[in-house]
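**Q** The file below is model_14.csv, CSV, C-alpha atoms and all ligand atoms:
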```csv
chain,number,residue,atom,x,y,z
A,1,MET,CA,-65.3,25.4,12.5
A,2,SER,CA,-63.2,28.6,12.7
A,3,LEU,CA,-63.9,31.0,15.5
A,4,ILE,CA,-62.0,33.7,13.8
A,5,GLN,CA,-61.3,33.9,10.1
A,6,VAL,CA,-59.2,36.5,8.4
A,7,LYS,CA,-59.3,36.7,4.6
A,8,GLY,CA,-57.2,38.7,2.2
A,9,LEU,CA,-56.4,41.5,4.7
A,10,ASN,CA,-54.4,44.5,3.7
A,11,PHE,CA,-53.5,47.4,6.0
A,12,SER,CA,-51.6,50.6,5.4
A,13,TYR,CA,-50.8,53.6,7.5
A,14,GLY,CA,-51.3,56.3,4.9
A,15,ASN,CA,-49.4,55.1,1.8
A,16,ARG,CA,-47.1,52.9,3.9
A,17,THR,CA,-48.2,49.2,3.6
A,18,VAL,CA,-47.9,47.2,6.8
A,19,PHE,CA,-49.2,43.9,5.4
A,20,LYS,CA,-50.9,42.5,2.4
A,21,ASP,CA,-53.1,39.4,1.8
A,22,VAL,CA,-53.1,38.1,5.3
A,23,ASN,CA,-55.2,34.9,5.7
A,24,LEU,CA,-55.6,33.0,8.9
A,25,SER,CA,-58.1,31.1,11.0
A,26,LEU,CA,-58.4,30.2,14.6
A,27,GLY,CA,-60.2,27.0,15.7
A,28,LYS,CA,-61.7,26.1,19.1
A,29,GLY,CA,-59.0,25.1,21.7
A,30,GLN,CA,-56.3,26.3,19.4
A,31,ILE,CA,-53.4,28.7,20.0
A,32,LEU,CA,-52.1,30.7,17.2
A,33,CYS,CA,-48.7,32.3,17.8
A,34,LEU,CA,-47.9,35.4,15.7
A,35,LEU,CA,-44.2,35.7,15.3
A,36,GLY,CA,-42.0,38.0,13.3
A,37,PRO,CA,-39.3,40.7,13.5
A,38,ASN,CA,-39.9,44.1,15.2
A,39,GLY,CA,-42.3,46.3,13.2
A,40,CYS,CA,-43.6,43.5,10.9
A,41,GLY,CA,-47.2,44.3,11.8
A,42,LYS,CA,-48.2,41.9,14.6
A,43,THR,CA,-49.9,44.5,16.8
A,44,THR,CA,-51.5,46.2,13.8
A,45,LEU,CA,-53.0,42.8,12.8
A,46,LEU,CA,-54.3,42.2,16.3
A,47,ASP,CA,-55.8,45.7,16.4
A,48,CYS,CA,-57.6,44.9,13.1
A,49,ILE,CA,-59.0,41.7,14.5
A,50,LEU,CA,-60.2,43.5,17.7
A,51,GLY,CA,-62.0,46.1,15.5
A,52,LEU,CA,-59.7,48.9,16.7
A,53,LEU,CA,-58.2,49.5,13.2
A,54,LYS,CA,-60.0,49.3,9.9
A,55,PRO,CA,-58.2,47.4,7.2
A,56,ASN,CA,-58.0,48.7,3.6
A,57,HIS,CA,-59.2,45.5,2.2
A,58,GLY,CA,-60.3,42.0,3.2
A,59,ALA,CA,-62.7,40.6,5.9
A,60,ILE,CA,-62.5,39.4,9.5
A,61,THR,CA,-65.3,37.2,10.9
A,62,ILE,CA,-65.9,36.0,14.4
A,63,ASN,CA,-68.3,33.0,14.5
A,64,ASN,CA,-69.1,33.7,10.8
A,65,ARG,CA,-70.1,37.3,11.6
A,66,ASN,CA,-68.2,40.1,9.9
A,67,ILE,CA,-66.8,42.4,12.6
A,68,SER,CA,-67.6,45.4,10.6
A,69,SER,CA,-71.3,44.8,11.5
A,70,MET,CA,-70.6,44.2,15.3
A,71,GLU,CA,-70.7,46.8,18.1
A,72,PRO,CA,-67.6,47.1,20.3
A,73,HIS,CA,-69.4,45.5,23.3
A,74,GLU,CA,-70.3,42.5,21.1
A,75,ILE,CA,-66.7,42.0,20.0
A,76,ALA,CA,-65.6,42.4,23.7
A,77,GLN,CA,-68.0,39.6,24.7
A,78,LYS,CA,-66.3,37.3,22.2
A,79,ILE,CA,-62.7,38.4,22.5
A,80,ALA,CA,-60.7,39.4,25.6
A,81,TYR,CA,-57.6,41.4,25.1
A,82,VAL,CA,-54.3,41.6,27.0
A,83,PRO,CA,-52.4,44.6,25.6
A,84,GLN,CA,-48.6,44.8,25.1
A,85,ALA,CA,-48.1,47.7,27.5
A,86,HIS,CA,-50.7,49.6,29.5
A,87,ASN,CA,-50.4,53.2,30.6
A,88,LYS,CA,-51.2,53.2,34.3
A,89,THR,CA,-52.9,56.6,34.5
A,90,PHE,CA,-55.5,56.5,37.3
A,91,PRO,CA,-54.8,55.2,40.9
A,92,TYR,CA,-57.5,52.5,40.8
A,93,ARG,CA,-57.4,49.5,43.1
A,94,VAL,CA,-56.5,46.3,41.3
A,95,ILE,CA,-59.9,44.8,41.9
A,96,ASP,CA,-61.5,47.8,40.2
A,97,ILE,CA,-59.3,47.3,37.1
A,98,VAL,CA,-60.2,43.6,37.0
A,99,LEU,CA,-63.9,44.5,37.3
A,100,MET,CA,-63.5,46.7,34.2
A,101,GLY,CA,-63.4,43.3,32.4
A,102,ARG,CA,-67.1,43.0,33.1
A,103,ALA,CA,-67.9,46.2,31.2
A,104,ALA,CA,-69.0,44.3,28.1
A,105,TYR,CA,-71.9,42.9,30.2
A,106,THR,CA,-73.0,46.0,32.1
A,107,SER,CA,-74.7,49.2,30.9
A,108,ALA,CA,-72.7,52.5,31.0
A,109,PHE,CA,-74.2,53.7,34.2
A,110,SER,CA,-74.7,50.5,36.2
A,111,SER,CA,-72.2,49.3,38.8
A,112,PRO,CA,-70.8,45.7,39.0
A,113,ASN,CA,-73.0,43.3,41.0
A,114,ASP,CA,-72.2,40.5,43.3
A,115,GLU,CA,-71.8,38.0,40.4
A,116,ASP,CA,-69.3,40.4,38.7
A,117,MET,CA,-67.3,40.6,42.0
A,118,LYS,CA,-67.2,36.8,42.3
A,119,ILE,CA,-66.0,36.5,38.7
A,120,ALA,CA,-63.3,39.2,39.2
A,121,GLU,CA,-62.1,37.5,42.4
A,122,GLU,CA,-61.9,34.2,40.7
A,123,ALA,CA,-59.9,35.8,37.8
A,124,LEU,CA,-57.4,37.2,40.3
A,125,ARG,CA,-57.0,33.7,41.8
A,126,VAL,CA,-56.5,32.1,38.4
A,127,ALA,CA,-53.8,34.8,37.5
A,128,GLY,CA,-52.2,34.0,40.9
A,129,ILE,CA,-52.5,37.6,42.2
A,130,HIS,CA,-55.4,37.5,44.6
A,131,GLU,CA,-53.3,39.1,47.3
A,132,TYR,CA,-52.9,42.2,45.1
A,133,LYS,CA,-56.6,42.9,45.2
A,134,GLU,CA,-56.6,46.1,47.3
A,135,ARG,CA,-53.3,47.4,46.0
A,136,ILE,CA,-53.1,50.5,43.9
A,137,TYR,CA,-52.6,49.7,40.2
A,138,THR,CA,-50.3,52.7,39.5
A,139,GLU,CA,-48.0,51.5,42.2
A,140,LEU,CA,-47.4,48.0,40.7
A,141,SER,CA,-44.3,47.0,38.7
A,142,GLY,CA,-44.6,46.4,34.9
A,143,GLY,CA,-44.8,42.7,35.4
A,144,GLU,CA,-47.4,42.9,38.2
A,145,GLY,CA,-49.4,45.2,36.1
A,146,GLN,CA,-49.3,42.7,33.2
A,147,LEU,CA,-50.7,40.0,35.5
A,148,VAL,CA,-53.6,42.4,36.4
A,149,MET,CA,-54.3,42.8,32.6
A,150,MET,CA,-54.4,39.0,32.4
A,151,ALA,CA,-56.9,38.9,35.3
A,152,ARG,CA,-59.0,41.6,33.7
A,153,ALA,CA,-59.1,39.6,30.4
A,154,LEU,CA,-60.1,36.5,32.3
A,155,ALA,CA,-63.0,38.4,34.0
A,156,GLN,CA,-64.3,39.2,30.6
A,157,GLN,CA,-65.2,35.5,30.2
A,158,ALA,CA,-64.8,35.5,26.4
A,159,THR,CA,-64.0,32.3,24.6
A,160,ILE,CA,-61.2,33.9,22.6
A,161,MET,CA,-58.3,35.7,24.1
A,162,ILE,CA,-55.8,37.9,22.2
A,163,LEU,CA,-52.5,38.6,23.9
A,164,ASP,CA,-49.9,41.0,22.6
A,165,GLU,CA,-46.5,40.0,24.1
A,166,PRO,CA,-48.1,39.1,27.4
A,167,THR,CA,-44.8,38.1,29.1
A,168,ALA,CA,-42.8,41.2,28.0
A,169,HIS,CA,-42.2,42.5,31.5
A,170,LEU,CA,-42.3,39.3,33.4
A,171,ASP,CA,-39.6,37.6,35.4
A,172,PHE,CA,-38.5,33.9,35.0
A,173,LYS,CA,-41.3,32.6,37.3
A,174,HIS,CA,-44.1,34.9,36.2
A,175,GLU,CA,-43.5,34.2,32.5
A,176,LEU,CA,-43.9,30.5,33.2
A,177,MET,CA,-47.0,31.2,35.3
A,178,ILE,CA,-48.6,33.0,32.4
A,179,LEU,CA,-47.8,30.1,30.0
A,180,GLU,CA,-49.1,27.6,32.5
A,181,THR,CA,-52.3,29.6,33.0
A,182,ILE,CA,-52.8,29.7,29.2
A,183,VAL,CA,-52.3,26.0,28.9
A,184,GLN,CA,-54.8,25.4,31.8
A,185,LEU,CA,-57.4,27.8,30.2
A,186,VAL,CA,-57.1,26.0,26.8
A,187,LYS,CA,-57.3,22.5,28.3
A,188,GLU,CA,-59.9,23.0,31.0
A,189,ARG,CA,-62.1,25.8,29.6
A,190,GLY,CA,-61.6,25.3,25.8
A,191,LEU,CA,-60.3,28.8,25.3
A,192,SER,CA,-58.8,29.8,22.0
A,193,LEU,CA,-56.0,32.2,21.7
A,194,ILE,CA,-54.0,34.4,19.4
A,195,MET,CA,-50.8,35.6,20.9
A,196,ALA,CA,-48.1,37.8,19.5
A,197,THR,CA,-44.7,36.9,20.9
A,198,HIS,CA,-41.0,37.4,20.3
A,199,PHE,CA,-40.2,34.1,21.9
A,200,PRO,CA,-40.4,31.0,19.5
A,201,ASN,CA,-40.1,28.8,22.6
A,202,HIS,CA,-43.6,30.0,23.7
A,203,ALA,CA,-45.0,28.2,20.7
A,204,PHE,CA,-42.9,25.1,21.4
A,205,TYR,CA,-44.1,25.3,25.1
A,206,PHE,CA,-47.7,25.0,24.0
A,207,GLU,CA,-47.0,22.3,21.4
A,208,ASN,CA,-44.9,20.4,24.0
A,209,ASN,CA,-48.0,20.5,26.3
A,210,ASP,CA,-50.2,18.9,23.6
A,211,ILE,CA,-52.1,22.0,22.6
A,212,ASN,CA,-53.1,22.4,19.0
A,213,THR,CA,-50.6,25.1,18.2
A,214,SER,CA,-50.0,27.0,14.9
A,215,ILE,CA,-47.4,29.6,14.1
A,216,VAL,CA,-48.1,32.5,11.7
A,217,MET,CA,-44.8,34.1,10.8
A,218,MET,CA,-45.0,37.6,9.4
A,219,SER,CA,-42.2,39.3,7.6
A,220,ASN,CA,-41.7,41.5,4.5
A,221,ASN,CA,-45.3,42.8,4.7
A,222,ARG,CA,-47.0,39.4,4.5
A,223,ILE,CA,-47.3,35.9,6.1
A,224,THR,CA,-44.2,34.1,5.0
A,225,LEU,CA,-44.7,30.8,6.9
A,226,ALA,CA,-47.5,29.1,8.7
A,227,GLY,CA,-47.9,25.7,10.4
A,228,PRO,CA,-47.1,23.8,13.6
A,229,PRO,CA,-44.1,24.9,15.6
A,230,SER,CA,-42.2,21.7,14.9
A,231,GLU,CA,-42.3,22.5,11.2
A,232,VAL,CA,-42.0,26.3,11.2
A,233,LEU,CA,-39.3,26.7,13.9
A,234,SER,CA,-36.5,25.0,11.9
A,235,GLU,CA,-32.9,26.2,12.1
A,236,ASN,CA,-33.1,27.2,8.3
A,237,ASN,CA,-36.3,29.3,8.8
A,238,MET,CA,-34.9,31.1,11.8
A,239,ARG,CA,-31.8,32.0,9.7
A,240,ASP,CA,-33.9,33.1,6.8
A,241,ILE,CA,-36.4,35.2,8.8
A,242,PHE,CA,-34.3,36.6,11.7
A,243,ASN,CA,-30.8,36.1,10.4
A,244,VAL,CA,-30.0,34.1,13.5
A,245,GLN,CA,-28.2,30.8,13.7
A,246,SER,CA,-30.0,28.6,16.2
A,247,LYS,CA,-30.2,25.0,17.3
A,248,VAL,CA,-33.4,23.0,17.9
A,249,LEU,CA,-33.1,20.7,20.8
A,250,SER,CA,-35.4,17.7,21.0
A,251,TYR,CA,-35.4,15.8,24.3
A,252,LEU,CA,-37.4,13.2,26.1
A,253,THR,CA,-39.2,14.1,29.3
A,254,GLY,CA,-40.6,11.6,31.7
A,255,THR,CA,-44.2,12.8,31.6
A,256,LYS,CA,-44.7,14.6,28.3
A,257,GLY,CA,-42.8,12.5,25.8
A,258,ARG,CA,-40.7,14.4,23.3
A,259,SER,CA,-40.3,18.1,23.7
A,260,ASN,CA,-38.6,20.7,21.5
A,261,TYR,CA,-36.8,23.9,22.4
A,262,ILE,CA,-34.8,26.3,20.3
A,263,ILE,CA,-31.7,28.2,21.4
A,264,PRO,CA,-30.2,31.1,19.5
A,265,LEU,CA,-26.5,30.7,18.9
A,266,ASN,CA,-25.4,33.8,17.2
A,267,THR,CA,-26.5,36.4,14.6
A,268,CYS,CA,-25.4,35.6,11.1
A,269,GLU,CA,-23.9,39.1,10.7
A,270,LYS,CA,-21.6,38.3,13.7
A,271,VAL,CA,-20.4,35.2,12.0
A,272,GLU,CA,-19.7,37.1,8.8
A,273,ARG,CA,-17.9,39.8,10.7
A,274,MET,CA,-15.8,37.2,12.6
A,275,ILE,CA,-14.8,35.5,9.3
B,301,LIG,N1,-50.0,54.9,14.4
B,301,LIG,C1,-49.1,54.6,13.4
B,301,LIG,N2,-48.8,55.4,12.4
B,301,LIG,C2,-47.9,55.1,11.4
B,301,LIG,N3,-47.2,54.0,11.4
B,301,LIG,C3,-47.4,53.1,12.5
B,301,LIG,C4,-48.3,53.4,13.5
B,301,LIG,N4,-48.3,52.3,14.4
B,301,LIG,C5,-47.4,51.5,13.9
B,301,LIG,N5,-46.8,51.9,12.8
B,301,LIG,C6,-45.8,51.3,11.9
B,301,LIG,O1,-46.4,50.1,11.4
B,301,LIG,C7,-45.5,49.0,11.4
B,301,LIG,C8,-46.0,47.8,12.2
B,301,LIG,O2,-46.1,48.2,13.6
B,301,LIG,P1,-46.6,47.1,14.6
B,301,LIG,O3,-46.6,47.8,16.0
B,301,LIG,O4,-47.8,46.5,14.2
B,301,LIG,O5,-45.4,46.0,14.5
B,301,LIG,P2,-45.1,44.8,15.5
B,301,LIG,O6,-44.8,43.7,14.7
B,301,LIG,O7,-46.1,44.7,16.5
B,301,LIG,O8,-43.7,45.4,16.2
B,301,LIG,P3,-43.0,44.9,17.6
B,301,LIG,O9,-42.6,43.5,17.4
B,301,LIG,O10,-41.8,45.8,17.6
B,301,LIG,O11,-44.0,45.2,18.7
B,301,LIG,C9,-44.2,49.6,12.0
B,301,LIG,O12,-43.3,49.9,10.9
B,301,LIG,C10,-44.6,50.8,12.8
B,301,LIG,O13,-43.6,51.8,12.7
```
Kindly present the structure from the file in structure tokens form.
**A**
Amino acid sequence: MSLIQVKGLNFSYGNRTVFKDVNLSLGKGQILCLLGPNGCGKTTLLDCILGLLKPNHGAITINNRNISSMEPHEIAQKIAYVPQAHNKTFPYRVIDIVLMGRAAYTSAFSSPNDEDMKIAEEALRVAGIHEYKERIYTELSGGEGQLVMMARALAQQATIMILDEPTAHLDFKHELMILETIVQLVKERGLSLIMATHFPNHAFYFENNDINTSIVMMSNNRITLAGPPSEVLSENNMRDIFNVQSKVLSYLTGTKGRSNYIIPLNTCEKVERMI
């Protein structure tokens, strides 16, 4: 059964069409990676699924319920969101930011209880940043702030997580930490995820770790390709969509069997210029 189903979605800003006839579905324990060139509409689509933007046409259902009939707190109990970039406006402590993930379960004027605190502390541990607990959020680096957003989403305890380029600010180690955390959440807690990313290897990483992974490739105002990474991330498709010549490497690892990885070689424009 699909947890999220998107059918025939159209969205325009004024008379500028962002996408047309978008269809997708997310199943339990599945990761759906949204890929596509800058400006193709990934964030806009995620905002529609979160109920933050209203599409011009089509329907979005969560557990068979149309989101147009759901209150924001009902959507927040089902879907946790890790945004692409977060304006750090107020000097809250990290633990207070993570506790905000509990807002979907508390009324407007009540404060978090002991159980909320326990859940927030656990979320900090899972995100690997428990030692940041008392630090001031506005004083963190972009990458540290991103990990706090991940912890806040975990504290929301939703079964679906939507992440918009969650590793955009992260260093070599922390990027891997986020990917490892995602794999752990899917395998151990049965979480389902939609993740917009600019890195095709993120999709390969999930597939290499035996997660049910799908790619939805957006370009030219629509979904142009959909399927498992090992089918969608071909050298031909990367040339057609991104105009990049690349090489897919397939290698045997001791523990995981065959794994795939894609490396960009050069842009096709550069090749033409050189010729
Ligand atoms: N508030 C807005 N008003 C008008 N146009 C907008 C608005 N927000 C985004 N757009 C336009 O809609 C299109 C899709 O934007 P969106 O942010 O969804 O793309 P994206 O695929 O997430 O991009 P990126 O990969 O660069 O993050 C872009 O052309 C963008 O300029």
**Q** Using all atoms listed in the file, can you tell me which of A:Ala155, A:Met217, A:Met161, A:Met149 comes closest to Met117 in chain A?
**A**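 Closest residue, counting all atoms listed in the file: A:Ala155.
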**Q** Closest to ligand LIG 301 (chain B) among A:Met195, A:Leu176, A:Leu154, A:Leu26, using all atoms listed in the file?
**A**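 Going through A:Met195, A:Leu176, A:Leu154, A:Leu26 one by one, the smallest distance to ligand LIG 301 (chain B) is for A:Met195.
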**Q** How close does each residue of chain A get to ligand LIG 301 (chain B), giving the shortest atom pair and distance in Å to one decimal for every residue with an atom at most 6 Å away, counting all atoms listed in the file, sorted by chain and residue number, as a Markdown table?
**A**
```
| residue | atom | partner | partner_atom | distance |
| --- | --- | --- | --- | --- |
| A:Tyr13 | CA | B:LIG301 | C2 | 5.1 |
| A:Val18 | CA | B:LIG301 | C7 | 5.5 |
| A:Pro37 | CA | B:LIG301 | O9 | 5.8 |
| A:Asn38 | CA | B:LIG301 | O10 | 3.5 |
| A:Gly39 | CA | B:LIG301 | O5 | 3.4 |
| A:Cys40 | CA | B:LIG301 | O6 | 4.0 |
| A:Gly41 | CA | B:LIG301 | O4 | 3.3 |
| A:Lys42 | CA | B:LIG301 | O6 | 3.8 |
| A:Thr43 | CA | B:LIG301 | O7 | 3.8 |
| A:Thr44 | CA | B:LIG301 | O4 | 3.7 |
```
**Q** Determine the nearest neighbour of Lys133 in chain A from the options A:Leu193, A:Ile95, A:Ala120, A:Val82, counting only C-alpha atoms.
**A** A:Ile95
**Q** Leaving out Gly190 in chain A and any residue of its chain fewer than 4 positions from it, which residues lie within 8 Å of it when counting all atoms listed in the file, given as a PyMOL selection string?
**A** chain A and resi 28-29+159+185-186
**Q** Find the nearest atom pair between each residue of range 195-226 of chain A and range 21-24 of chain A for residues within 10 Å, count only C-alpha atoms, give distances in Å to one decimal, sort rows by chain and ascending number, and present the table as JSON lines.
**A**
```
{"residue": "A:Val216", "atom": "CA", "partner": "A:Leu24", "partner_atom": "CA", "distance": 8.0}
{"residue": "A:Met218", "atom": "CA", "partner": "A:Val22", "partner_atom": "CA", "distance": 9.1}
{"residue": "A:Asn221", "atom": "CA", "partner": "A:Asp21", "partner_atom": "CA", "distance": 9.0}
{"residue": "A:Arg222", "atom": "CA", "partner": "A:Val22", "partner_atom": "CA", "distance": 6.3}
{"residue": "A:Ile223", "atom": "CA", "partner": "A:Val22", "partner_atom": "CA", "distance": 6.3}
{"residue": "A:Thr224", "atom": "CA", "partner": "A:Val22", "partner_atom": "CA", "distance": 9.8}
{"residue": "A:Ala226", "atom": "CA", "partner": "A:Leu24", "partner_atom": "CA", "distance": 9.0}
```
**Q** Can you work out which one of A:Arg102, A:His174, A:His130, A:His202 has the shortest atom-to-atom distance to His73 in chain A, counting only C-alpha atoms?
**A**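 Checking each candidate against His73 in chain A, we get A:Arg102 as the closest.
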**Q** Using only C-alpha atoms, which residues sit within 6 Å of Ile194 in chain A once same-chain residues fewer than 2 positions away are excluded, as number ranges by chain?
**A** A: 31-33, 162
**Q** What does the structure give for the distance between CA of Ala151 in chain A and CA of Leu191 in chain A, in Å to one decimal?
**A**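 Value for the CA of Ala151 in chain A-CA of Leu191 in chain A distance: 14.6 Å.
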**Q** Please produce range 234-256 of chain A, completed to N, CA and C atoms, as a PDB file, in the coordinates of the input.
**A**
```pdb
ATOM      1  N   SER A 234     -37.717  25.793  12.289  1.00  0.00           N
ATOM      2  CA  SER A 234     -36.500  25.000  11.900  1.00  0.00           C
ATOM      3  C   SER A 234     -35.320  25.998  11.942  1.00  0.00           C
ATOM      4  N   GLU A 235     -34.154  25.423  12.032  1.00  0.00           N
ATOM      5  CA  GLU A 235     -32.900  26.200  12.100  1.00  0.00           C
ATOM      6  C   GLU A 235     -32.834  27.063  10.762  1.00  0.00           C
ATOM      7  N   ASN A 236     -33.204  26.474   9.621  1.00  0.00           N
ATOM      8  CA  ASN A 236     -33.100  27.200   8.300  1.00  0.00           C
ATOM      9  C   ASN A 236     -34.098  28.388   8.328  1.00  0.00           C
ATOM     10  N   ASN A 237     -35.337  28.152   8.799  1.00  0.00           N
ATOM     11  CA  ASN A 237     -36.300  29.300   8.800  1.00  0.00           C
ATOM     12  C   ASN A 237     -35.881  30.392   9.711  1.00  0.00           C
ATOM     13  N   MET A 238     -35.303  30.055  10.863  1.00  0.00           N
ATOM     14  CA  MET A 238     -34.900  31.100  11.800  1.00  0.00           C
ATOM     15  C   MET A 238     -33.734  31.930  11.192  1.00  0.00           C
ATOM     16  N   ARG A 239     -32.906  31.279  10.403  1.00  0.00           N
ATOM     17  CA  ARG A 239     -31.800  32.000   9.700  1.00  0.00           C
ATOM     18  C   ARG A 239     -32.411  32.910   8.638  1.00  0.00           C
ATOM     19  N   ASP A 240     -33.364  32.354   7.866  1.00  0.00           N
ATOM     20  CA  ASP A 240     -33.900  33.100   6.800  1.00  0.00           C
ATOM     21  C   ASP A 240     -34.727  34.342   7.266  1.00  0.00           C
ATOM     22  N   ILE A 241     -35.516  34.165   8.330  1.00  0.00           N
ATOM     23  CA  ILE A 241     -36.400  35.200   8.800  1.00  0.00           C
ATOM     24  C   ILE A 241     -35.670  36.219   9.716  1.00  0.00           C
ATOM     25  N   PHE A 242     -34.906  35.693  10.675  1.00  0.00           N
ATOM     26  CA  PHE A 242     -34.300  36.600  11.700  1.00  0.00           C
ATOM     27  C   PHE A 242     -32.799  36.770  11.502  1.00  0.00           C
ATOM     28  N   ASN A 243     -32.213  36.046  10.552  1.00  0.00           N
ATOM     29  CA  ASN A 243     -30.800  36.100  10.400  1.00  0.00           C
ATOM     30  C   ASN A 243     -30.024  35.667  11.632  1.00  0.00           C
ATOM     31  N   VAL A 244     -30.584  34.647  12.255  1.00  0.00           N
ATOM     32  CA  VAL A 244     -30.000  34.100  13.500  1.00  0.00           C
ATOM     33  C   VAL A 244     -29.715  32.626  13.302  1.00  0.00           C
ATOM     34  N   GLN A 245     -28.510  32.265  13.703  1.00  0.00           N
ATOM     35  CA  GLN A 245     -28.200  30.800  13.700  1.00  0.00           C
ATOM     36  C   GLN A 245     -28.639  30.234  15.000  1.00  0.00           C
ATOM     37  N   SER A 246     -29.400  29.150  14.916  1.00  0.00           N
ATOM     38  CA  SER A 246     -30.000  28.600  16.200  1.00  0.00           C
ATOM     39  C   SER A 246     -29.880  27.081  16.122  1.00  0.00           C
ATOM     40  N   LYS A 247     -30.226  26.487  17.236  1.00  0.00           N
ATOM     41  CA  LYS A 247     -30.200  25.000  17.300  1.00  0.00           C
ATOM     42  C   LYS A 247     -31.505  24.555  17.961  1.00  0.00           C
ATOM     43  N   VAL A 248     -32.165  23.626  17.286  1.00  0.00           N
ATOM     44  CA  VAL A 248     -33.400  23.000  17.900  1.00  0.00           C
ATOM     45  C   VAL A 248     -32.973  21.808  18.660  1.00  0.00           C
ATOM     46  N   LEU A 249     -33.350  21.814  19.933  1.00  0.00           N
ATOM     47  CA  LEU A 249     -33.100  20.700  20.800  1.00  0.00           C
ATOM     48  C   LEU A 249     -34.336  19.861  20.976  1.00  0.00           C
ATOM     49  N   SER A 250     -34.222  18.571  20.850  1.00  0.00           N
ATOM     50  CA  SER A 250     -35.400  17.700  21.000  1.00  0.00           C
ATOM     51  C   SER A 250     -34.995  16.725  22.144  1.00  0.00           C
ATOM     52  N   TYR A 251     -35.796  16.656  23.186  1.00  0.00           N
ATOM     53  CA  TYR A 251     -35.400  15.800  24.300  1.00  0.00           C
ATOM     54  C   TYR A 251     -36.636  15.076  24.864  1.00  0.00           C
ATOM     55  N   LEU A 252     -36.357  13.967  25.537  1.00  0.00           N
ATOM     56  CA  LEU A 252     -37.400  13.200  26.100  1.00  0.00           C
ATOM     57  C   LEU A 252     -37.661  13.547  27.558  1.00  0.00           C
ATOM     58  N   THR A 253     -38.918  13.843  27.899  1.00  0.00           N
ATOM     59  CA  THR A 253     -39.200  14.100  29.300  1.00  0.00           C
ATOM     60  C   THR A 253     -40.025  12.928  29.838  1.00  0.00           C
ATOM     61  N   GLY A 254     -39.931  12.709  31.130  1.00  0.00           N
ATOM     62  CA  GLY A 254     -40.600  11.600  31.700  1.00  0.00           C
ATOM     63  C   GLY A 254     -42.113  11.581  31.506  1.00  0.00           C
ATOM     64  N   THR A 255     -42.732  12.773  31.658  1.00  0.00           N
ATOM     65  CA  THR A 255     -44.200  12.800  31.600  1.00  0.00           C
ATOM     66  C   THR A 255     -44.765  13.188  30.282  1.00  0.00           C
ATOM     67  N   LYS A 256     -44.054  14.041  29.530  1.00  0.00           N
ATOM     68  CA  LYS A 256     -44.700  14.600  28.300  1.00  0.00           C
ATOM     69  C   LYS A 256     -44.216  13.978  27.019  1.00  0.00           C
TER      70      LYS A 256
END
```
